[in-house]
file my_file-v4.cif (mmCIF, C-alpha atoms)
data_run
loop_
_atom_site.label_atom_id
_atom_site.label_comp_id
_atom_site.auth_asym_id
_atom_site.auth_seq_id
_atom_site.Cartn_x
_atom_site.Cartn_y
_atom_site.Cartn_z
CA MET A 1 158.70 360.28 125.06
CA ALA A 2 157.77 358.12 122.07
CA GLU A 3 155.68 355.01 122.75
CA LYS A 4 158.76 352.78 122.44
CA ASN A 5 161.92 353.88 124.20
CA TYR A 6 165.40 352.64 123.36
CA TYR A 7 165.16 349.78 125.86
CA ASP A 8 161.93 348.61 124.25
CA ILE A 9 163.49 348.80 120.78
CA LEU A 10 166.37 346.51 121.83
CA GLY A 11 164.06 344.29 123.87
CA VAL A 12 165.95 344.71 127.17
CA THR A 13 165.10 346.08 130.61
CA LYS A 14 166.46 349.31 132.06
CA GLU A 15 168.63 347.19 134.37
CA ALA A 16 170.30 345.40 131.44
CA SER A 17 174.08 345.11 131.55
CA GLU A 18 176.37 346.32 128.77
CA GLN A 19 176.80 342.69 127.70
CA ASP A 20 173.02 342.16 127.59
CA ILE A 21 172.61 345.26 125.42
CA LYS A 22 175.37 344.20 123.03
CA LYS A 23 173.94 340.67 122.77
CA ALA A 24 170.43 341.98 122.06
CA TYR A 25 171.77 344.40 119.44
CA ARG A 26 173.71 341.72 117.57
CA LYS A 27 170.68 339.43 117.55
CA LEU A 28 168.47 342.17 116.10
CA VAL A 29 171.05 343.13 113.45
CA ARG A 30 171.23 339.52 112.27
CA LYS A 31 167.43 339.49 112.01
CA TYR A 32 166.67 342.88 110.46
CA HIS A 33 169.76 343.83 108.44
CA PRO A 34 168.61 344.72 104.88
CA ASP A 35 171.04 342.16 103.45
CA VAL A 36 169.13 339.31 105.12
CA SER A 37 165.66 340.65 105.94
CA ASP A 38 162.73 340.59 103.51
CA LEU A 39 160.80 343.25 105.43
CA PRO A 40 159.99 346.32 103.31
CA ASN A 41 160.92 348.63 106.20
CA ALA A 42 164.18 346.84 107.08
CA ASP A 43 166.23 350.01 106.47
CA GLU A 44 164.08 352.02 108.91
CA LYS A 45 164.08 349.20 111.43
CA ILE A 46 167.88 348.78 111.43
CA ALA A 47 168.34 352.56 111.68
CA GLU A 48 166.07 352.58 114.75
CA ILE A 49 168.04 349.71 116.28
CA ASN A 50 171.39 351.39 115.57
CA ASN A 51 170.15 354.67 117.05
CA ALA A 52 169.07 352.92 120.26
CA TYR A 53 172.32 350.98 120.55
CA GLU A 54 174.57 354.00 119.94
CA THR A 55 172.99 355.67 122.99
CA LEU A 56 172.71 352.71 125.36
CA LYS A 57 176.21 351.32 124.73
CA ASP A 58 177.79 354.61 125.88
CA LYS A 59 177.76 355.06 129.66
CA GLU A 60 177.43 358.86 129.59
CA LYS A 61 174.78 358.92 126.87
CA ARG A 62 172.87 356.18 128.64
CA ALA A 63 172.96 358.09 131.95
CA GLU A 64 171.60 361.20 130.25
CA TYR A 65 168.93 359.15 128.50
CA ASP A 66 167.88 357.47 131.75
CA ALA A 67 167.65 360.89 133.39
CA MET A 68 165.44 362.09 130.56
CA LEU A 69 163.17 359.05 130.89
CA ALA A 70 162.75 359.82 134.57
CA ASN A 71 162.05 363.54 133.93
CA PRO A 72 158.32 364.28 133.65
CA PHE A 73 159.05 367.46 131.66
CA ALA A 74 160.82 365.61 128.83
CA GLY A 75 157.63 365.51 126.75
CA GLN A 76 157.62 363.68 123.42
CA GLY A 77 160.66 365.28 121.89
CA GLY A 78 162.89 362.21 121.97
CA PHE A 79 166.52 361.98 122.99
CA GLY A 80 168.70 364.85 121.92
CA GLY A 81 168.66 367.56 124.59
CA GLY A 82 165.05 368.64 125.23
CA ARG A 83 164.03 369.07 121.57
CA SER A 84 160.56 370.47 120.88
CA THR A 85 158.41 368.12 118.80
CA GLY A 86 156.24 370.80 117.29
CA GLY A 87 153.81 368.00 116.38
CA GLN A 88 150.27 367.27 117.49
CA GLY A 89 150.16 366.43 121.17
CA GLY A 90 153.85 367.36 121.49
CA PHE A 91 155.38 369.15 124.44
CA ASN A 92 156.97 372.50 123.58
CA TRP A 93 159.62 373.88 125.91
CA GLU A 94 159.26 377.38 124.49
CA ASP A 95 155.49 377.47 125.22
CA LEU A 96 156.08 376.45 128.83
CA LYS A 97 158.91 378.93 129.24
CA GLY A 98 156.69 381.65 127.83
CA GLN A 99 154.16 381.13 130.60
CA PHE A 100 156.70 381.61 133.39
CA GLY A 101 159.40 383.76 131.84
CA GLU A 102 162.96 383.04 130.85
CA GLY A 103 164.87 381.65 133.84
CA GLN A 104 161.78 381.81 136.14
CA ALA A 105 162.36 380.04 139.48
CA PHE A 106 159.81 378.08 141.53
CA GLY A 107 159.99 378.52 145.28
CA ASP A 108 162.88 379.40 147.46
CA GLY A 109 166.17 378.35 146.01
CA GLY A 110 164.33 377.37 143.06
CA PHE A 111 163.71 375.13 140.16
CA ARG A 112 164.85 376.74 136.92
CA PHE A 113 164.17 375.83 133.33
CA ASP A 114 167.84 376.52 132.65
CA ASP A 115 168.61 373.67 135.06
CA ILE A 116 166.54 371.31 132.94
CA PHE A 117 168.43 372.24 129.82
CA SER A 118 171.82 372.00 131.51
CA ALA A 119 170.92 368.55 132.83
CA PHE A 120 170.79 367.36 129.24
CA GLY A 121 174.02 368.87 128.06
CA GLY A 122 172.93 372.49 127.77
CA GLY A 123 171.31 371.90 124.39
CA ARG A 124 167.80 372.39 123.10
CA GLY A 125 168.15 370.01 120.21
CA ALA A 126 169.70 370.21 116.80
CA GLY A 127 168.84 373.41 115.05
CA HIS A 128 168.45 375.59 118.15
CA GLN A 129 170.92 378.41 118.53
CA GLY A 130 173.66 377.39 120.95
CA GLY A 131 172.28 373.83 121.13
CA ALA A 132 174.27 370.66 120.67
CA SER A 133 173.75 368.88 117.35
CA PHE A 134 172.75 365.23 117.28
CA GLU A 135 175.48 362.86 116.14
CA GLN A 136 174.90 359.32 114.97
CA LYS A 137 177.36 356.76 113.73
CA GLY A 138 176.76 355.49 110.20
CA GLN A 139 175.36 352.03 109.65
CA ASP A 140 177.73 349.09 109.37
CA GLN A 141 177.82 347.49 105.95
CA HIS A 142 178.22 343.80 105.11
CA ALA A 143 179.63 342.19 101.97
CA GLU A 144 181.39 339.00 100.90
CA ILE A 145 184.88 338.52 99.51
CA SER A 146 186.05 335.37 97.73
CA VAL A 147 189.70 334.41 98.28
CA SER A 148 191.76 331.45 97.11
CA LEU A 149 192.78 328.63 99.43
CA SER A 150 196.43 329.38 98.69
CA SER A 151 195.90 332.95 99.99
CA VAL A 152 194.57 331.54 103.24
CA TYR A 153 197.70 329.39 103.66
CA THR A 154 200.16 332.23 103.08
CA GLY A 155 198.24 335.47 103.71
CA ASP A 156 197.73 337.80 100.77
CA GLU A 157 196.56 341.25 99.69
CA TYR A 158 193.45 341.84 97.57
CA SER A 159 192.08 344.99 95.93
CA ILE A 160 188.32 345.49 95.84
CA LYS A 161 186.14 348.27 94.43
CA LEU A 162 183.20 349.56 96.43
CA ASN A 163 180.47 352.14 95.91
CA VAL A 164 180.76 353.98 99.22
CA PRO A 165 177.92 356.22 100.52
CA VAL A 166 179.10 359.75 101.34
CA ARG A 167 176.92 362.31 103.17
CA GLN A 168 177.19 365.80 101.67
CA ALA A 169 177.04 369.09 103.57
CA ASN A 170 173.35 369.49 102.67
CA GLY A 171 172.55 366.13 104.25
CA GLN A 172 172.07 364.29 100.97
CA VAL A 173 173.88 360.99 100.41
CA SER A 174 175.83 360.33 97.23
CA HIS A 175 178.04 357.41 96.24
CA GLU A 176 181.61 357.37 95.11
CA GLN A 177 183.75 354.46 93.94
CA LYS A 178 186.65 353.59 96.17
CA THR A 179 189.38 350.99 95.76
CA LEU A 180 190.45 349.33 98.98
CA LYS A 181 193.42 347.08 99.61
CA ILE A 182 192.43 344.20 101.85
CA LYS A 183 194.94 342.19 103.85
CA ILE A 184 193.82 338.56 104.03
CA PRO A 185 195.06 337.21 107.37
CA LYS A 186 196.99 333.96 107.17
CA GLY A 187 194.91 331.12 108.58
CA ILE A 188 191.45 332.74 108.26
CA THR A 189 188.70 330.16 107.83
CA GLU A 190 185.47 330.01 105.81
CA GLY A 191 182.74 332.36 107.07
CA LYS A 192 184.99 334.53 109.25
CA GLN A 193 184.74 338.31 108.85
CA ILE A 194 187.32 340.99 108.15
CA ARG A 195 186.44 344.36 109.73
CA LEU A 196 187.39 347.57 107.94
CA SER A 197 186.95 350.45 110.37
CA GLY A 198 185.20 353.55 109.00
CA GLN A 199 184.46 352.08 105.57
CA GLY A 200 180.71 351.66 106.14
CA ALA A 201 177.87 354.17 105.67
CA ALA A 202 178.47 357.86 106.37
CA GLY A 203 177.58 359.18 109.82
CA ILE A 204 174.93 361.81 110.58
CA GLY A 205 175.64 365.21 112.13
CA GLY A 206 179.37 364.70 112.08
CA GLY A 207 179.13 361.19 113.53
CA ALA A 208 181.73 358.60 112.62
CA ASN A 209 181.29 356.37 109.60
CA GLY A 210 180.12 352.82 110.15
CA ASP A 211 182.37 349.83 109.58
CA LEU A 212 182.54 347.42 106.66
CA PHE A 213 182.46 343.70 107.44
CA LEU A 214 183.66 341.33 104.71
CA LYS A 215 182.59 337.72 105.08
CA VAL A 216 185.29 335.40 103.73
CA SER A 217 184.41 332.75 101.15
CA ILE A 218 187.28 330.41 100.22
CA SER A 219 187.49 329.11 96.65
CA HIS A 220 189.22 325.78 96.08
CA PRO A 221 189.44 322.91 93.54
CA SER A 222 186.54 320.43 93.31
CA ASN A 223 188.62 317.61 94.86
CA ILE A 224 188.95 319.59 98.10
CA ARG A 225 186.45 320.33 100.83
CA LEU A 226 186.87 322.31 104.05
CA GLU A 227 185.66 321.63 107.56
CA GLY A 228 186.79 324.52 109.72
CA ALA A 229 190.58 324.47 109.58
CA ASP A 230 190.71 320.85 108.39
CA VAL A 231 191.25 320.20 104.67
CA TYR A 232 190.02 317.05 102.90
CA GLN A 233 191.61 316.30 99.52
CA THR A 234 190.82 313.38 97.22
CA VAL A 235 193.95 311.77 95.73
CA ASN A 236 193.88 309.35 92.78
CA ILE A 237 196.14 306.29 93.02
CA THR A 238 196.69 303.19 90.86
CA PRO A 239 195.68 299.65 91.88
CA TRP A 240 199.30 298.57 92.31
CA GLU A 241 200.09 301.62 94.47
CA ALA A 242 197.16 300.67 96.67
CA ALA A 243 198.08 296.96 96.77
CA LEU A 244 201.85 297.16 97.11
CA GLY A 245 202.18 300.37 99.09
CA GLU A 246 204.37 302.98 97.48
CA LYS A 247 205.63 306.48 98.15
CA ILE A 248 204.04 309.14 95.91
CA ASN A 249 204.29 312.92 95.63
CA VAL A 250 201.02 314.80 96.11
CA SER A 251 200.39 318.46 95.27
CA THR A 252 198.45 319.92 98.24
CA PRO A 253 197.55 323.42 99.47
CA ALA A 254 200.45 323.04 101.90
CA GLY A 255 202.86 322.32 99.02
CA THR A 256 204.11 319.12 97.40
CA LEU A 257 204.28 316.35 100.02
CA GLY A 258 205.84 312.89 99.87
CA VAL A 259 203.24 310.40 101.07
CA THR A 260 203.57 306.66 101.65
CA ILE A 261 200.49 304.64 100.68
CA PRO A 262 199.93 301.75 103.13
CA LYS A 263 199.78 298.25 101.59
CA ASN A 264 196.33 296.96 100.66
CA SER A 265 194.76 300.42 100.92
CA LYS A 266 191.07 300.71 100.00
CA SER A 267 189.27 303.47 98.12
CA GLY A 268 187.78 305.99 100.53
CA SER A 269 190.37 305.46 103.26
CA HIS A 270 192.04 308.56 104.75
CA LEU A 271 195.64 309.45 105.38
CA ARG A 272 195.95 312.11 108.10
CA ILE A 273 198.82 314.59 107.89
CA LYS A 274 198.88 316.52 111.16
CA GLY A 275 199.14 320.30 111.06
CA LYS A 276 199.01 320.62 107.27
CA GLY A 277 195.47 321.98 107.14
CA ILE A 278 194.68 325.71 107.25
CA PRO A 279 197.32 327.39 109.48
CA ALA A 280 194.78 328.96 111.83
CA LYS A 281 195.55 329.81 115.47
CA THR A 282 195.17 326.09 116.04
CA ALA A 283 196.36 324.57 112.75
CA GLY A 284 194.03 322.12 111.06
CA ASP A 285 194.98 318.73 109.64
CA LEU A 286 195.15 317.59 106.03
CA TYR A 287 193.23 314.40 105.18
CA LEU A 288 194.07 312.65 101.91
CA THR A 289 191.15 310.52 100.73
CA LEU A 290 192.43 307.69 98.52
CA HIS A 291 190.60 306.95 95.26
CA ILE A 292 191.78 303.94 93.26
CA VAL A 293 191.64 304.54 89.52
CA ASN A 294 191.79 301.57 87.15
CA PRO A 295 193.77 302.12 83.95
CA THR A 296 192.01 301.98 80.58
CA VAL A 297 192.79 298.86 78.51
CA ASN A 298 193.78 299.93 75.00
CA THR A 299 195.98 297.06 73.69
CA GLU A 300 195.93 293.27 73.67
CA ALA A 301 199.06 293.23 75.82
CA GLN A 302 197.27 295.29 78.47
CA ALA A 303 194.26 292.98 78.28
CA GLU A 304 196.52 289.95 78.73
CA ALA A 305 198.06 291.57 81.79
CA PHE A 306 194.59 291.83 83.37
CA ARG A 307 193.83 288.18 82.45
CA THR A 308 197.04 287.20 84.23
CA LEU A 309 195.95 289.25 87.23
CA GLN A 310 192.57 287.53 87.13
CA SER A 311 194.19 284.15 87.04
CA THR A 312 196.54 284.98 89.89
CA PHE A 313 193.72 286.14 92.16
CA HIS A 314 191.11 283.59 91.04
CA ASP A 315 190.33 282.58 94.64
CA VAL A 316 189.55 286.14 95.82
CA GLN A 317 185.96 286.46 97.09
CA ILE A 318 184.34 289.90 96.89
CA GLU A 319 181.07 290.83 98.58
CA ARG A 320 178.75 292.50 96.09
#
call {"tool": "encode", "arguments": {"input": "my_file-v4.cif", "output": "structure tokens"}}
result
Amino acid sequence: MAEKNYYDILGVTKEASEQDIKKAYRKLVRKYHPDVSDLPNADEKIAEINNAYETLKDKEKRAEYDAMLANPFAGQGGFGGGRSTGGQGGFNWEDLKGQFGEGQAFGDGGFRFDDIFSAFGGGRGAGHQGGASFEQKGQDQHAEISVSLSSVYTGDEYSIKLNVPVRQANGQVSHEQKTLKIKIPKGITEGKQIRLSGQGAAGIGGGANGDLFLKVSISHPSNIRLEGADVYQTVNITPWEAALGEKINVSTPAGTLGVTIPKNSKSGSHLRIKGKGIPAKTAGDLYLTLHIVNPTVNTEAQAEAFRTLQSTFHDVQIER
């Protein structure tokens, strides 16, 4: 066996549960994925992690792998059905078989080399006649998609173009451009991911393609900010609307809403409209942040109106 086995690579013990293995894998992917890691060997590292996970997450593959770890004749060939390393210090099944003869038994009722091979699926590694080839799922790919806030409220369909890796018959990887139609789920929030099955990197040895994960970024006007499913929108109002309290129409992501401004409202105060935020599984709320805008004085009549206002409220004390 290699110095580090699959359990070592994932940083778990041989007694680890399926949940422990999945948790360890996700943590390592977040750390070493080439999209986020600065390590020069990030591609090799993530391939090693994926290879370990693909074996340990599958009950049958894991059982075979555990049996191989416990078998003193497994040598240094790695997982894949008793493959000969052929390298320095490697253990070669064919050399050992040559010393005892094909199908030689030890003792009465005997130990047979054929039994060793059959214990690991009857194969002698990829490339051996009659052996089972090694399959590996392609790597998952990660990208980001920007969608409008209105699309999140109603659900929408987007088309994106991707350069998709395709493994040729000779093992080489080429890229081809593919256009995919993406369904944006109604109510999805910032940072959530859309999974496209089989749209990741090509598999090896006939293995399935990886998946493509699209992280959602929501574009919106500058007077709006998002906090989960809650939407905060700044709304401009006049001084008299704030002072007298009036009903106004406001254009929001949830549509045009009639809103009553409370009397003597202050700038920065919030009006909460329940359930009018992003329509997620639990709908968010819409918060209208009031911003009082003073009109520009352009004429003498307008200036006189402000002098009258000043005279009327001459006894008002403001903390500065």
call {"tool": "closest_residue", "arguments": {"input": "my_file-v4.cif", "among": "A:Gln172, A:Phe213, A:Glu18, A:Pro262", "to": "Gly245 in chain A", "atoms": "all atoms listed in the file"}}
result
A:Pro262
call {"tool": "closest_residue", "arguments": {"input": "my_file-v4.cif", "among": "A:Gly155, A:Gly138, A:Gly255, A:Pro185", "to": "Ala201 in chain A", "atoms": "all atoms listed in the file"}}
result
A:Gly138
call {"tool": "atom_distance", "arguments": {"input": "my_file-v4.cif", "atom1": "CA of Gly275 in chain A", "atom2": "CA of Gly191 in chain A"}}
result
20.7 Å
call {"tool": "residues_around", "arguments": {"input": "my_file-v4.cif", "residues": "range 225-239 of chain A", "least_positions_apart": "4", "cutoff": "6 Å", "atoms": "only C-alpha atoms", "output": "compact mmCIF listing (two decimals) with C-alpha atoms, in the coordinates of the input"}}
result
# COMPACT_ATOMS: atom_id res chain seq x y z
CA GLY A 277 195.47 321.98 107.14
CA ILE A 278 194.68 325.71 107.25
CA GLY A 284 194.03 322.12 111.06
CA ASP A 285 194.98 318.73 109.64
CA LEU A 286 195.15 317.59 106.03
CA TYR A 287 193.23 314.40 105.18
CA LEU A 288 194.07 312.65 101.91
CA THR A 289 191.15 310.52 100.73
CA LEU A 290 192.43 307.69 98.52
CA HIS A 291 190.60 306.95 95.26
CA ILE A 292 191.78 303.94 93.26
CA VAL A 293 191.64 304.54 89.52
call {"tool": "closest_residue", "arguments": {"input": "my_file-v4.cif", "among": "A:Leu69, A:Leu257, A:Leu214, A:Ala42", "to": "Ala143 in chain A", "atoms": "all atoms listed in the file"}}
result
A:Leu214
call {"tool": "residues_around", "arguments": {"input": "my_file-v4.cif", "residues": "range 25-39 of chain A", "least_positions_apart": "3", "cutoff": "12 Å", "atoms": "all atoms listed in the file", "output": "number ranges by chain"}}
result
A: 6-12, 18-22, 42-57, 139-144
call {"tool": "atom_distance", "arguments": {"input": "my_file-v4.cif", "atom1": "CA of Arg62 in chain A", "atom2": "CA of Ala208 in chain A"}}
result
18.5 Å
call {"tool": "closest_residue", "arguments": {"input": "my_file-v4.cif", "among": "A:Gly203, A:Pro279, A:Gly198, A:Met68", "to": "Val152 in chain A", "atoms": "all atoms listed in the file"}}
result
A:Pro279
call {"tool": "atom_distance", "arguments": {"input": "my_file-v4.cif", "atom1": "CA of Ser150 in chain A", "atom2": "CA of His270 in chain A"}}
result
22.1 Å
call {"tool": "residues_near_point", "arguments": {"input": "my_file-v4.cif", "point": "(195.4, 342.9, 104.4)", "cutoff": "10 Å", "atoms": "only C-alpha atoms", "output": "number ranges by chain"}}
result
A: 155-159, 180-186, 194, 196
call {"tool": "axis_aligned_box", "arguments": {"input": "my_file-v4.cif", "around": "range 170-184 of chain A", "padding_each_side": "3 Å", "output": "AutoDock Vina command-line options"}}
result
--center_x 183.5 --center_y 354.0 --center_z 99.1 --size_x 28.9 --size_y 36.9 --size_z 16.3
call {"tool": "residues_around", "arguments": {"input": "my_file-v4.cif", "residues": "Gln177 in chain A", "least_positions_apart": "2", "cutoff": "7 Å", "atoms": "all atoms listed in the file", "output": "list in words"}}
result
Lys161, Leu162, Asn163, Val164, His175 and Thr179 of chain A
call {"tool": "residues_around", "arguments": {"input": "my_file-v4.cif", "residues": "Ile218 in chain A", "least_positions_apart": "5", "cutoff": "6 Å", "atoms": "all atoms listed in the file", "output": "JSON, numbers by chain"}}
result
{"A": [146, 147, 148, 149, 190]}
call {"tool": "residues_near_point", "arguments": {"input": "my_file-v4.cif", "point": "(180.2, 364.0, 114.7)", "cutoff": "12 Å", "atoms": "all atoms listed in the file", "output": "JSON, numbers by chain"}}
result
{"A": [132, 133, 134, 135, 136, 137, 138, 202, 203, 204, 205, 206, 207, 208, 209]}
